[in-house]
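> If it helps, the file is called coords.txt and holds compact mmCIF, C-alpha atoms and all ligand atoms:
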# COMPACT_ATOMS: atom_id res chain seq x y z
CA MET A 37 96.15 118.91 84.46
CA ASP A 38 94.97 118.09 80.93
CA LYS A 39 91.33 119.12 80.67
CA ASN A 40 90.29 115.88 78.98
CA ILE A 41 91.58 113.59 81.70
CA ILE A 42 88.95 112.16 84.06
CA THR A 43 90.56 110.77 87.22
CA VAL A 44 89.03 108.07 89.42
CA THR A 45 88.81 110.55 92.29
CA THR A 46 89.90 114.03 93.31
CA PRO A 47 91.05 115.18 96.73
CA LEU A 48 88.67 116.96 99.08
CA LEU A 49 90.38 120.30 99.70
CA PRO A 50 89.27 123.18 101.92
CA ASP A 51 88.75 126.74 100.81
CA LEU A 52 92.25 128.19 100.51
CA ASP A 53 91.45 131.49 102.24
CA GLU A 54 90.00 129.68 105.24
CA TYR A 55 93.03 127.43 105.35
CA TYR A 56 95.31 130.42 105.19
CA GLN A 57 93.62 131.87 108.31
CA MET A 58 94.39 128.66 110.16
CA LEU A 59 97.97 128.60 108.94
CA ARG A 60 98.30 132.14 110.36
CA GLU A 61 97.21 130.80 113.75
CA ILE A 62 99.80 128.02 113.56
CA TRP A 63 102.50 130.53 112.63
CA ASP A 64 101.46 132.76 115.54
CA ARG A 65 101.43 129.88 118.03
CA LYS A 66 104.64 128.36 116.66
CA TRP A 67 103.34 124.95 117.78
CA VAL A 68 103.47 122.76 114.71
CA THR A 69 103.01 119.19 115.97
CA ASN A 70 102.88 117.05 119.20
CA ASN A 71 99.22 117.28 120.14
CA GLY A 72 98.73 120.92 119.17
CA GLU A 73 95.48 122.85 119.42
CA PHE A 74 94.17 121.89 115.97
CA HIS A 75 95.14 118.27 116.63
CA GLN A 76 93.09 118.27 119.84
CA ARG A 77 90.14 119.99 118.19
CA PHE A 78 90.26 117.63 115.20
CA GLU A 79 90.23 114.56 117.45
CA ALA A 80 87.22 115.88 119.37
CA ALA A 81 85.36 116.85 116.20
CA LEU A 82 86.03 113.45 114.63
CA CYS A 83 84.74 111.58 117.69
CA GLU A 84 81.52 113.52 117.40
CA TYR A 85 81.16 113.21 113.62
CA LEU A 86 82.04 109.52 113.54
CA LYS A 87 80.10 108.63 116.72
CA VAL A 88 83.09 106.92 118.33
CA PRO A 89 84.33 107.27 121.94
CA TYR A 90 88.10 107.58 121.36
CA ILE A 91 90.30 108.31 118.39
CA SER A 92 94.03 108.84 117.91
CA LEU A 93 95.29 110.72 114.86
CA PHE A 94 98.17 109.49 112.73
CA THR A 95 100.29 110.79 109.91
CA ASN A 96 98.91 108.20 107.46
CA GLY A 97 96.59 105.19 107.35
CA THR A 98 99.27 102.48 107.46
CA LEU A 99 100.86 103.36 110.81
CA PRO A 100 97.58 102.86 112.72
CA LEU A 101 97.44 99.29 111.39
CA ILE A 102 101.04 98.63 112.45
CA THR A 103 100.51 100.33 115.82
CA ALA A 104 97.23 98.52 116.60
CA LEU A 105 98.99 95.17 116.09
CA GLN A 106 101.78 96.31 118.43
CA ALA A 107 99.38 97.59 121.08
CA LEU A 108 97.44 94.31 121.14
CA ASN A 109 100.65 92.18 121.14
CA ILE A 110 99.53 90.31 118.04
CA SER A 111 101.96 87.63 116.86
CA GLY A 112 102.03 84.28 115.04
CA GLU A 113 99.34 84.14 112.35
CA VAL A 114 96.56 86.58 111.44
CA ILE A 115 93.62 85.75 109.21
CA THR A 116 93.02 88.41 106.58
CA THR A 117 91.61 89.16 103.13
CA PRO A 118 93.59 89.25 99.87
CA TYR A 119 91.04 91.66 98.33
CA SER A 120 92.41 94.95 99.62
CA PHE A 121 95.17 97.51 99.27
CA VAL A 122 98.62 96.04 100.02
CA ALA A 123 99.02 98.06 103.23
CA THR A 124 96.64 95.66 105.03
CA THR A 125 99.00 92.70 104.64
CA HIS A 126 102.17 94.81 104.84
CA SER A 127 101.20 95.87 108.36
CA LEU A 128 101.25 92.21 109.42
CA TRP A 129 104.61 91.62 107.75
CA TRP A 130 106.14 94.63 109.51
CA ASN A 131 105.17 93.03 112.80
CA GLY A 132 106.70 89.66 111.89
CA ILE A 133 103.22 88.12 111.61
CA LYS A 134 102.33 85.48 109.02
CA PRO A 135 99.29 86.48 106.94
CA VAL A 136 96.73 83.74 106.32
CA PHE A 137 94.47 84.63 103.40
CA VAL A 138 90.83 83.61 103.51
CA ASP A 139 88.43 83.99 100.59
CA ILE A 140 85.80 86.71 100.43
CA ASP A 141 82.03 86.76 100.42
CA PRO A 142 81.14 87.84 96.86
CA ALA A 143 78.07 89.71 98.18
CA THR A 144 80.13 92.21 100.21
CA GLY A 145 83.72 91.85 98.98
CA GLY A 146 84.72 91.35 102.63
CA ILE A 147 86.19 88.26 104.28
CA ASP A 148 83.79 85.28 104.30
CA PRO A 149 83.07 84.40 107.96
CA GLU A 150 82.18 80.84 106.94
CA ARG A 151 85.74 80.23 105.79
CA ILE A 152 87.52 81.68 108.82
CA GLU A 153 87.26 78.76 111.24
CA SER A 154 89.00 76.26 108.99
CA ALA A 155 91.96 78.65 108.67
CA ILE A 156 92.47 78.95 112.44
CA THR A 157 95.55 77.16 113.86
CA PRO A 158 97.10 77.18 117.35
CA LYS A 159 99.23 80.13 116.15
CA THR A 160 96.28 82.31 115.15
CA THR A 161 95.95 85.41 117.34
CA ALA A 162 93.75 87.80 115.38
CA ILE A 163 91.53 88.51 112.39
CA MET A 164 92.12 91.57 110.19
CA PRO A 165 89.11 92.12 107.91
CA VAL A 166 88.61 95.09 105.57
CA HIS A 167 85.36 96.96 104.92
CA VAL A 168 86.32 97.07 101.27
CA TYR A 169 84.81 100.01 99.31
CA GLY A 170 83.18 100.97 102.63
CA LYS A 171 80.80 97.99 102.48
CA PRO A 172 80.34 96.65 106.02
CA CYS A 173 81.79 93.20 106.69
CA ARG A 174 79.62 90.57 108.38
CA THR A 175 80.83 91.89 111.73
CA ARG A 176 78.58 89.88 114.06
CA GLU A 177 79.65 86.52 112.65
CA ILE A 178 83.30 87.59 112.71
CA GLN A 179 82.99 88.64 116.37
CA ASP A 180 81.31 85.34 117.30
CA ILE A 181 84.26 83.40 115.86
CA ALA A 182 86.76 85.72 117.54
CA ASP A 183 85.04 85.25 120.90
CA LYS A 184 84.88 81.47 120.50
CA TYR A 185 88.64 81.21 119.83
CA GLY A 186 89.85 84.18 121.91
CA LEU A 187 91.07 86.17 118.91
CA LYS A 188 91.42 89.94 118.52
CA VAL A 189 89.72 91.72 115.59
CA ILE A 190 91.34 94.73 113.96
CA TYR A 191 89.32 96.26 111.13
CA ASP A 192 91.10 98.02 108.31
CA ALA A 193 88.38 100.62 107.88
CA ALA A 194 90.40 102.83 105.52
CA HIS A 195 87.37 103.01 103.20
CA ALA A 196 84.74 103.23 105.91
CA PHE A 197 84.73 106.90 106.92
CA GLY A 198 81.25 107.76 108.17
CA ILE A 199 79.78 104.31 107.48
CA GLU A 200 76.88 103.52 109.80
CA VAL A 201 74.70 100.46 110.21
CA ASP A 202 71.29 101.17 111.74
CA GLY A 203 72.56 104.54 112.93
CA LYS A 204 75.65 103.09 114.63
CA SER A 205 79.22 103.62 113.44
CA ILE A 206 80.87 100.58 111.90
CA LEU A 207 84.10 101.86 113.45
CA ASN A 208 83.02 100.63 116.88
CA GLU A 209 83.20 96.98 115.77
CA GLY A 210 86.03 94.68 116.80
CA ASP A 211 88.91 95.68 119.10
CA MET A 212 90.07 98.59 116.98
CA SER A 213 89.46 100.15 113.56
CA THR A 214 91.85 102.13 111.40
CA LEU A 215 91.10 105.01 109.02
CA SER A 216 93.08 106.55 106.16
CA PHE A 217 92.87 110.24 105.29
CA HIS A 218 94.96 109.86 102.14
CA GLY A 219 94.09 112.27 99.33
CA THR A 220 92.34 109.53 97.36
CA LYS A 221 89.88 108.75 100.16
CA VAL A 222 86.40 110.26 100.68
CA PHE A 223 87.73 112.33 103.57
CA GLY A 224 91.36 113.38 103.44
CA THR A 225 94.07 115.50 105.00
CA THR A 226 96.56 115.01 102.07
CA GLU A 227 98.18 112.20 104.06
CA GLY A 228 96.73 111.15 107.38
CA GLY A 229 94.92 108.47 109.31
CA ALA A 230 93.48 107.47 112.66
CA LEU A 231 92.89 104.62 115.04
CA VAL A 232 89.53 104.15 116.77
CA MET A 233 89.41 102.40 120.14
CA HIS A 234 86.89 101.71 122.90
CA ASP A 235 88.53 102.94 126.09
CA GLU A 236 90.70 105.67 127.51
CA LYS A 237 93.47 103.32 128.62
CA MET A 238 94.00 102.03 125.09
CA LYS A 239 93.86 105.58 123.73
CA GLN A 240 96.65 106.51 126.17
CA ARG A 241 98.73 103.51 125.13
CA ILE A 242 98.30 104.32 121.43
CA ASP A 243 99.19 107.98 122.03
CA TYR A 244 102.43 106.82 123.70
CA LEU A 245 103.19 104.36 120.92
CA LYS A 246 102.76 106.92 118.14
CA ASN A 247 105.22 109.24 119.94
CA PHE A 248 108.23 106.92 120.32
CA GLY A 249 106.72 105.41 123.48
CA PHE A 250 107.23 108.60 125.51
CA ALA A 251 104.99 108.75 128.58
CA GLY A 252 106.69 111.87 129.92
CA GLU A 253 109.87 113.85 129.38
CA THR A 254 112.18 111.14 130.68
CA GLU A 255 110.07 108.00 130.51
CA VAL A 256 109.75 105.62 127.55
CA VAL A 257 107.23 102.83 128.20
CA ALA A 258 107.44 100.91 124.91
CA PRO A 259 109.41 100.83 121.65
CA GLY A 260 107.16 103.30 119.90
CA ILE A 261 107.21 104.87 116.48
CA ASN A 262 106.68 108.37 115.12
CA GLY A 263 103.12 108.45 113.80
CA LYS A 264 101.98 111.88 114.95
CA MET A 265 99.77 114.11 112.81
CA ASP A 266 100.98 117.70 112.48
CA GLU A 267 98.98 120.91 112.84
CA LEU A 268 98.90 121.70 109.10
CA ARG A 269 97.03 118.51 108.35
CA ALA A 270 94.82 118.71 111.43
CA ALA A 271 93.71 122.14 110.16
CA ILE A 272 92.78 120.66 106.77
CA GLY A 273 90.87 117.94 108.59
CA LEU A 274 88.89 120.44 110.66
CA LEU A 275 87.90 122.39 107.55
CA ASN A 276 87.10 119.28 105.52
CA LEU A 277 84.78 117.95 108.22
CA ARG A 278 82.51 120.90 107.43
CA GLN A 279 82.15 119.91 103.79
CA VAL A 280 82.37 116.11 103.87
CA ASP A 281 78.60 115.60 104.08
CA ALA A 282 78.07 117.66 100.92
CA ALA A 283 80.87 115.72 99.22
CA ILE A 284 79.29 112.38 100.16
CA GLU A 285 75.91 113.58 98.87
CA ALA A 286 77.49 114.65 95.56
CA ARG A 287 79.08 111.18 95.28
CA HIS A 288 75.70 109.62 96.08
CA GLN A 289 74.16 111.42 93.10
CA VAL A 290 76.93 110.10 90.84
CA ALA A 291 76.24 106.56 92.11
CA ILE A 292 72.51 106.95 91.44
CA ARG A 293 73.18 108.00 87.84
CA TYR A 294 75.61 105.11 87.26
CA ARG A 295 73.10 102.59 88.58
CA GLU A 296 70.28 103.98 86.48
CA ALA A 297 72.32 103.90 83.28
CA LEU A 298 74.07 100.57 83.88
CA ARG A 299 71.20 98.46 85.26
CA PRO A 300 69.98 97.41 81.80
CA VAL A 301 73.51 96.63 80.52
CA GLU A 302 74.05 92.92 79.99
CA GLY A 303 77.31 91.66 81.53
CA ILE A 304 77.94 94.66 83.83
CA ASP A 305 77.28 93.94 87.49
CA PHE A 306 77.40 96.35 90.45
CA TRP A 307 76.23 96.57 94.05
CA ASP A 308 73.20 98.46 95.31
CA ASP A 309 73.08 100.16 98.70
CA MET A 310 72.66 97.79 101.63
CA PRO A 311 69.48 98.25 103.72
CA GLY A 312 70.04 100.24 106.93
CA VAL A 313 73.53 101.32 105.89
CA ARG A 314 74.76 104.89 105.50
CA HIS A 315 77.25 104.60 102.64
CA ASN A 316 79.99 107.06 101.69
CA TYR A 317 80.22 106.28 97.94
CA GLY A 318 84.00 106.27 98.03
CA TYR A 319 84.16 103.83 95.11
CA PHE A 320 81.92 102.64 92.30
CA PRO A 321 83.12 99.16 91.36
CA ILE A 322 81.61 97.39 88.36
CA PHE A 323 82.24 93.75 87.49
CA VAL A 324 82.56 92.77 83.84
CA ASP A 325 81.32 89.40 82.60
CA ALA A 326 83.33 89.19 79.38
CA GLU A 327 81.05 86.67 77.69
CA LYS A 328 77.81 88.53 78.32
CA PHE A 329 79.29 92.00 77.82
CA GLY A 330 81.17 91.03 74.65
CA MET A 331 84.40 92.59 75.85
CA THR A 332 86.91 91.60 78.53
CA ARG A 333 87.51 93.70 81.63
CA ASP A 334 90.89 94.79 80.33
CA GLU A 335 89.49 95.64 76.89
CA LEU A 336 86.93 97.93 78.55
CA PHE A 337 89.60 99.31 80.90
CA ASN A 338 91.87 100.16 77.94
CA LYS A 339 88.98 101.67 75.99
CA LEU A 340 88.28 103.99 78.92
CA ARG A 341 92.00 104.88 79.05
CA GLU A 342 92.00 105.76 75.35
CA GLN A 343 89.28 108.32 76.13
CA GLY A 344 91.34 109.78 78.98
CA ILE A 345 89.17 108.10 81.62
CA LEU A 346 91.49 106.88 84.37
CA ALA A 347 89.32 104.19 85.96
CA ARG A 348 91.25 101.86 88.31
CA ARG A 349 91.29 98.09 88.77
CA TYR A 350 90.96 98.12 92.59
CA PHE A 351 91.81 95.42 93.78
CA TYR A 352 93.76 93.72 91.05
CA PRO A 353 96.09 91.95 91.42
CA LEU A 354 95.09 90.36 94.71
CA ILE A 355 97.58 91.00 97.53
CA SER A 356 98.19 87.23 97.54
CA ASP A 357 99.35 87.48 93.90
CA PHE A 358 102.18 89.94 94.60
CA SER A 359 105.61 88.28 94.56
CA THR A 360 106.17 89.06 98.27
CA TYR A 361 103.17 86.97 99.33
CA ARG A 362 102.71 84.51 96.46
CA GLY A 363 104.68 81.77 98.22
CA LEU A 364 102.39 81.62 101.25
CA PRO A 365 100.39 78.39 101.56
CA SER A 366 97.09 80.33 101.67
CA ALA A 367 97.91 82.48 98.61
CA THR A 368 96.73 80.04 95.95
CA ARG A 369 93.93 80.87 93.54
CA GLU A 370 92.25 77.57 94.49
CA ASN A 371 91.97 78.83 98.07
CA LEU A 372 90.63 82.20 96.91
CA PRO A 373 88.13 81.60 94.08
CA ASN A 374 85.73 84.47 94.89
CA ALA A 375 88.49 87.01 95.44
CA THR A 376 90.14 85.90 92.20
CA ARG A 377 86.89 86.30 90.27
CA LEU A 378 86.26 89.79 91.62
CA ALA A 379 89.87 90.90 91.05
CA ASP A 380 89.75 89.64 87.47
CA SER A 381 86.50 91.41 86.61
CA VAL A 382 86.54 94.68 88.56
CA ILE A 383 86.82 98.25 87.34
CA CYS A 384 86.31 101.16 89.73
CA LEU A 385 84.67 103.96 87.76
CA PRO A 386 85.47 107.60 88.48
CA ILE A 387 83.38 108.93 91.36
CA HIS A 388 83.98 112.09 93.35
CA HIS A 389 82.35 115.27 94.60
CA GLU A 390 83.34 117.32 91.53
CA LEU A 391 82.54 114.83 88.76
CA THR A 392 80.36 116.69 86.23
CA ASP A 393 77.32 115.24 84.47
CA ALA A 394 79.14 115.72 81.15
CA ASP A 395 82.19 113.76 82.32
CA GLN A 396 79.99 111.03 83.73
CA GLN A 397 78.15 110.81 80.40
CA CYS A 398 81.54 110.39 78.61
CA ILE A 399 82.31 107.44 80.89
CA LEU A 400 78.86 105.93 80.37
CA ASN A 401 79.07 106.34 76.59
CA VAL A 402 82.15 104.10 76.51
CA ILE A 403 80.42 101.40 78.56
CA LEU A 404 77.14 101.76 76.63
CA LYS A 405 79.23 101.46 73.44
CA LYS A 406 77.73 104.68 72.06
C1 LIG A 501 94.47 103.67 101.63
C2 LIG A 501 94.46 102.39 102.34
C3 LIG A 501 95.35 102.09 103.39
C4 LIG A 501 96.54 102.90 103.72
O1 LIG A 501 96.34 104.19 103.93
P1 LIG A 501 97.50 105.26 103.73
O2 LIG A 501 96.89 106.47 104.35
O3 LIG A 501 97.72 105.42 102.26
O4 LIG A 501 98.71 104.79 104.44
C5 LIG A 501 95.18 100.90 104.09
N1 LIG A 501 94.22 100.03 103.75
C6 LIG A 501 93.38 100.26 102.74
C7 LIG A 501 92.32 99.25 102.45
C8 LIG A 501 93.49 101.43 101.98
O5 LIG A 501 92.67 101.61 100.94
Now that the file is in, can you turn its structure into structure tokens?


Amino acid sequence: MDKNIITVTTPLLPDLDEYYQMLREIWDRKWVTNNGEFHQRFEAALCEYLKVPYISLFTNGTLPLITALQALNISGEVITTPYSFVATTHSLWWNGIKPVFVDIDPATGGIDPERIESAITPKTTAIMPVHVYGKPCRTREIQDIADKYGLKVIYDAAHAFGIEVDGKSILNEGDMSTLSFHGTKVFGTTEGGALVMHDEKMKQRIDYLKNFGFAGETEVVAPGINGKMDELRAAIGLLNLRQVDAAIEARHQVAIRYREALRPVEGIDFWDDMPGVRHNYGYFPIFVDAEKFGMTRDELFNKLREQGILARRYFYPLISDFSTYRGLPSATRENLPNATRLADSVICLPIHHELTDADQQCILNVILKK
């Protein structure tokens, strides 16, 4: 890659020699997928690292969303956030479910619990919030509403790898949580993902569903799909687990330097760490107030591009603004003022475990107009 290009992130990759040793083992065993040894070890290691009771690995982070909805028999309407990656809403569509967009809380970027109740109809069966940028949603309020109306809660926790609140994993909230191990995420296996659940019975059901519904050689218990993670990726996952803490700490240092440099800048807003939360620093979103900053978001975005800095406008446009979903009654900008404001002002600055001080200074110089 061109040396002067600064990407928004870079994949976490294991030492190639160590990976090669594991590939050797796979070649020797000639067991490449279907709950192989590395798959089993990776699931166990993840449960321990993430402090969750049960986990089921997948080949990406979208299939766990689709499969969770299947496993919980979700139908009708589901309340969700427009401020996310499209896969959140797509998973509903693939299950024939109507998405109902609710505005976000500007303090967290997550769905605003105070706006959920008025969006509930007799057809509502679940809530699908997103811990966007790994910032915990207001989970207790969401659960209270779910309990009051008998709704399921499925968290899209694609950004929330390793996030803890008061020492407890955020992934234990709701009925199930999904993870993505895509190369752009804090923890990756090139492509990959997982579903976190509370009990063994559900784990069994999910394991059937991700393997065509097979519950034995000749028995199919449900119309399942193929979502299985293979041994090559499970091996990457096992190796990456050893270095993810160091990667998160390196990202933390980048975040500290951004905050220090940007705090005095008029018209640039960002979030600080939340008290009691272990963050993973997967993203560093800034919000541009064009009037105060003297430049629009897109002007700053293009200026960064000119310098080879590939910042990203996550999450612009809103999911509700894509042509597929624009016609939905809940997709209007009037219904989603906070999400619209964030989407129109956000830039995610480059942050990753290999970002150098010099590269970070280049990024800051553009924003500081040096
Ligand atoms: C990345 C992501 C997904 C999908 O994950 P894939 O592994 O790319 O399928 C889902 N939701 C959110 C919020 C994401 O950022």

> Could you list, as a ChimeraX atom specification, all protein and nucleic acid residues with an atom at most 8 Å from ligand LIG 501 (chain A), counting all atoms listed in the file?

/A:95-99,101,120-124,166-168,192-195,215-218,220-221,227-229

> Between A:Gly330, A:Gly186, A:Gly219, A:Pro100, which residue has the minimum interatomic distance to His388 in chain A, considering all atoms listed in the file?

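The closest residue to His388 in chain A is A:Gly219.
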
> Could you pull the residues within 12 Å of Gly363 in chain A, counting only C-alpha atoms, minus those fewer than 5 positions along the same chain, as a PyMOL selection string?

chain A and resi 134-137+355-358+368-369

> Tell me which protein, DNA and RNA residues are within 12 Å of Asp380 in chain A, counting only C-alpha atoms, leaving out same-chain ones fewer than 2 positions away, and put them as a ChimeraX atom specification.

/A:119,322-326,332-334,337,349-354,357,369,373-378,382-383

> Quote the spacing between CA of His126 in chain A and CA of Gly112 in chain A in Å to one decimal place.

14.7 Å

> Which residues, written as a list in words, have at least one atom at most 12 Å from Ile345 in chain A, with all atoms listed in the file counted and residues fewer than 4 positions away on the same chain left out?

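Counting only the stated atoms, we get Asp38, Lys39, Asn40, Ile41, Ile42, Thr43, Val44, Thr45, Leu336, Phe337, Asn338, Lys339, Leu340, Arg341, Ile383, Cys384, Leu385, Pro386, Ile387, Leu391, Asp395, Gln396, Gln397, Cys398, Ile399, Leu400, Asn401, Val402 and Ile403 of chain A.
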
> For the atom pair CA of Gly146 in chain A and CA of Tyr169 in chain A, what is the interatomic distance in Å to one decimal place?

9.3 Å

> Find, counting only C-alpha atoms, the residue in A:Ala270, A:Glu335, A:Asn371, A:Ala81 that gets nearest to Ile152 in chain A.

A:Asn371

> Find the distance between CA of Asp305 in chain A and CA of Glu177 in chain A and write it in Å to one decimal.

26.3 Å

> Could I get range 89-105 of chain A rebuilt with N, CA, C and O atoms, written as a PDB file, in the coordinates of the input?


ATOM      1  N   PRO A  89      83.934 106.702 120.645  1.00  0.00           N
ATOM      2  CA  PRO A  89      84.330 107.270 121.940  1.00  0.00           C
ATOM      3  C   PRO A  89      85.754 107.842 121.957  1.00  0.00           C
ATOM      4  O   PRO A  89      85.984 108.880 122.571  1.00  0.00           O
ATOM      5  N   TYR A  90      86.696 107.145 121.319  1.00  0.00           N
ATOM      6  CA  TYR A  90      88.100 107.580 121.360  1.00  0.00           C
ATOM      7  C   TYR A  90      88.756 107.412 120.005  1.00  0.00           C
ATOM      8  O   TYR A  90      88.515 106.422 119.313  1.00  0.00           O
ATOM      9  N   ILE A  91      89.592 108.368 119.661  1.00  0.00           N
ATOM     10  CA  ILE A  91      90.300 108.310 118.390  1.00  0.00           C
ATOM     11  C   ILE A  91      91.701 108.865 118.592  1.00  0.00           C
ATOM     12  O   ILE A  91      91.922 109.746 119.424  1.00  0.00           O
ATOM     13  N   SER A  92      92.663 108.319 117.868  1.00  0.00           N
ATOM     14  CA  SER A  92      94.030 108.840 117.910  1.00  0.00           C
ATOM     15  C   SER A  92      94.479 109.101 116.475  1.00  0.00           C
ATOM     16  O   SER A  92      94.434 108.216 115.624  1.00  0.00           O
ATOM     17  N   LEU A  93      94.893 110.331 116.212  1.00  0.00           N
ATOM     18  CA  LEU A  93      95.290 110.720 114.860  1.00  0.00           C
ATOM     19  C   LEU A  93      96.678 110.236 114.511  1.00  0.00           C
ATOM     20  O   LEU A  93      97.553 110.167 115.378  1.00  0.00           O
ATOM     21  N   PHE A  94      96.869 109.949 113.235  1.00  0.00           N
ATOM     22  CA  PHE A  94      98.170 109.490 112.730  1.00  0.00           C
ATOM     23  C   PHE A  94      98.540 110.254 111.463  1.00  0.00           C
ATOM     24  O   PHE A  94      97.696 110.907 110.856  1.00  0.00           O
ATOM     25  N   THR A  95      99.789 110.080 111.074  1.00  0.00           N
ATOM     26  CA  THR A  95     100.290 110.790 109.910  1.00  0.00           C
ATOM     27  C   THR A  95      99.927 110.108 108.587  1.00  0.00           C
ATOM     28  O   THR A  95     100.071 110.687 107.519  1.00  0.00           O
ATOM     29  N   ASN A  96      99.447 108.875 108.644  1.00  0.00           N
ATOM     30  CA  ASN A  96      98.910 108.200 107.460  1.00  0.00           C
ATOM     31  C   ASN A  96      98.036 107.037 107.931  1.00  0.00           C
ATOM     32  O   ASN A  96      97.847 106.852 109.141  1.00  0.00           O
ATOM     33  N   GLY A  97      97.516 106.257 106.998  1.00  0.00           N
ATOM     34  CA  GLY A  97      96.590 105.190 107.350  1.00  0.00           C
ATOM     35  C   GLY A  97      97.249 103.822 107.531  1.00  0.00           C
ATOM     36  O   GLY A  97      96.570 102.853 107.868  1.00  0.00           O
ATOM     37  N   THR A  98      98.548 103.752 107.310  1.00  0.00           N
ATOM     38  CA  THR A  98      99.270 102.480 107.460  1.00  0.00           C
ATOM     39  C   THR A  98      99.812 102.326 108.884  1.00  0.00           C
ATOM     40  O   THR A  98      99.744 101.235 109.466  1.00  0.00           O
ATOM     41  N   LEU A  99     100.317 103.425 109.441  1.00  0.00           N
ATOM     42  CA  LEU A  99     100.860 103.360 110.810  1.00  0.00           C
ATOM     43  C   LEU A  99      99.823 102.951 111.864  1.00  0.00           C
ATOM     44  O   LEU A  99     100.173 102.231 112.799  1.00  0.00           O
ATOM     45  N   PRO A 100      98.551 103.361 111.745  1.00  0.00           N
ATOM     46  CA  PRO A 100      97.580 102.860 112.720  1.00  0.00           C
ATOM     47  C   PRO A 100      97.421 101.346 112.680  1.00  0.00           C
ATOM     48  O   PRO A 100      97.210 100.713 113.724  1.00  0.00           O
ATOM     49  N   LEU A 101      97.528 100.756 111.487  1.00  0.00           N
ATOM     50  CA  LEU A 101      97.440  99.290 111.390  1.00  0.00           C
ATOM     51  C   LEU A 101      98.624  98.662 112.134  1.00  0.00           C
ATOM     52  O   LEU A 101      98.459  97.748 112.948  1.00  0.00           O
ATOM     53  N   ILE A 102      99.814  99.158 111.834  1.00  0.00           N
ATOM     54  CA  ILE A 102     101.040  98.630 112.450  1.00  0.00           C
ATOM     55  C   ILE A 102     100.997  98.824 113.962  1.00  0.00           C
ATOM     56  O   ILE A 102     101.344  97.926 114.736  1.00  0.00           O
ATOM     57  N   THR A 103     100.527  99.988 114.395  1.00  0.00           N
ATOM     58  CA  THR A 103     100.510 100.330 115.820  1.00  0.00           C
ATOM     59  C   THR A 103      99.441  99.532 116.576  1.00  0.00           C
ATOM     60  O   THR A 103      99.673  99.106 117.717  1.00  0.00           O
ATOM     61  N   ALA A 104      98.289  99.310 115.950  1.00  0.00           N
ATOM     62  CA  ALA A 104      97.230  98.520 116.600  1.00  0.00           C
ATOM     63  C   ALA A 104      97.740  97.102 116.882  1.00  0.00           C
ATOM     64  O   ALA A 104      97.509  96.544 117.959  1.00  0.00           O
ATOM     65  N   LEU A 105      98.452  96.524 115.916  1.00  0.00           N
ATOM     66  CA  LEU A 105      98.990  95.170 116.090  1.00  0.00           C
ATOM     67  C   LEU A 105     100.002  95.139 117.239  1.00  0.00           C
ATOM     68  O   LEU A 105     100.036  94.193 118.029  1.00  0.00           O
TER      69      LEU A 105
END
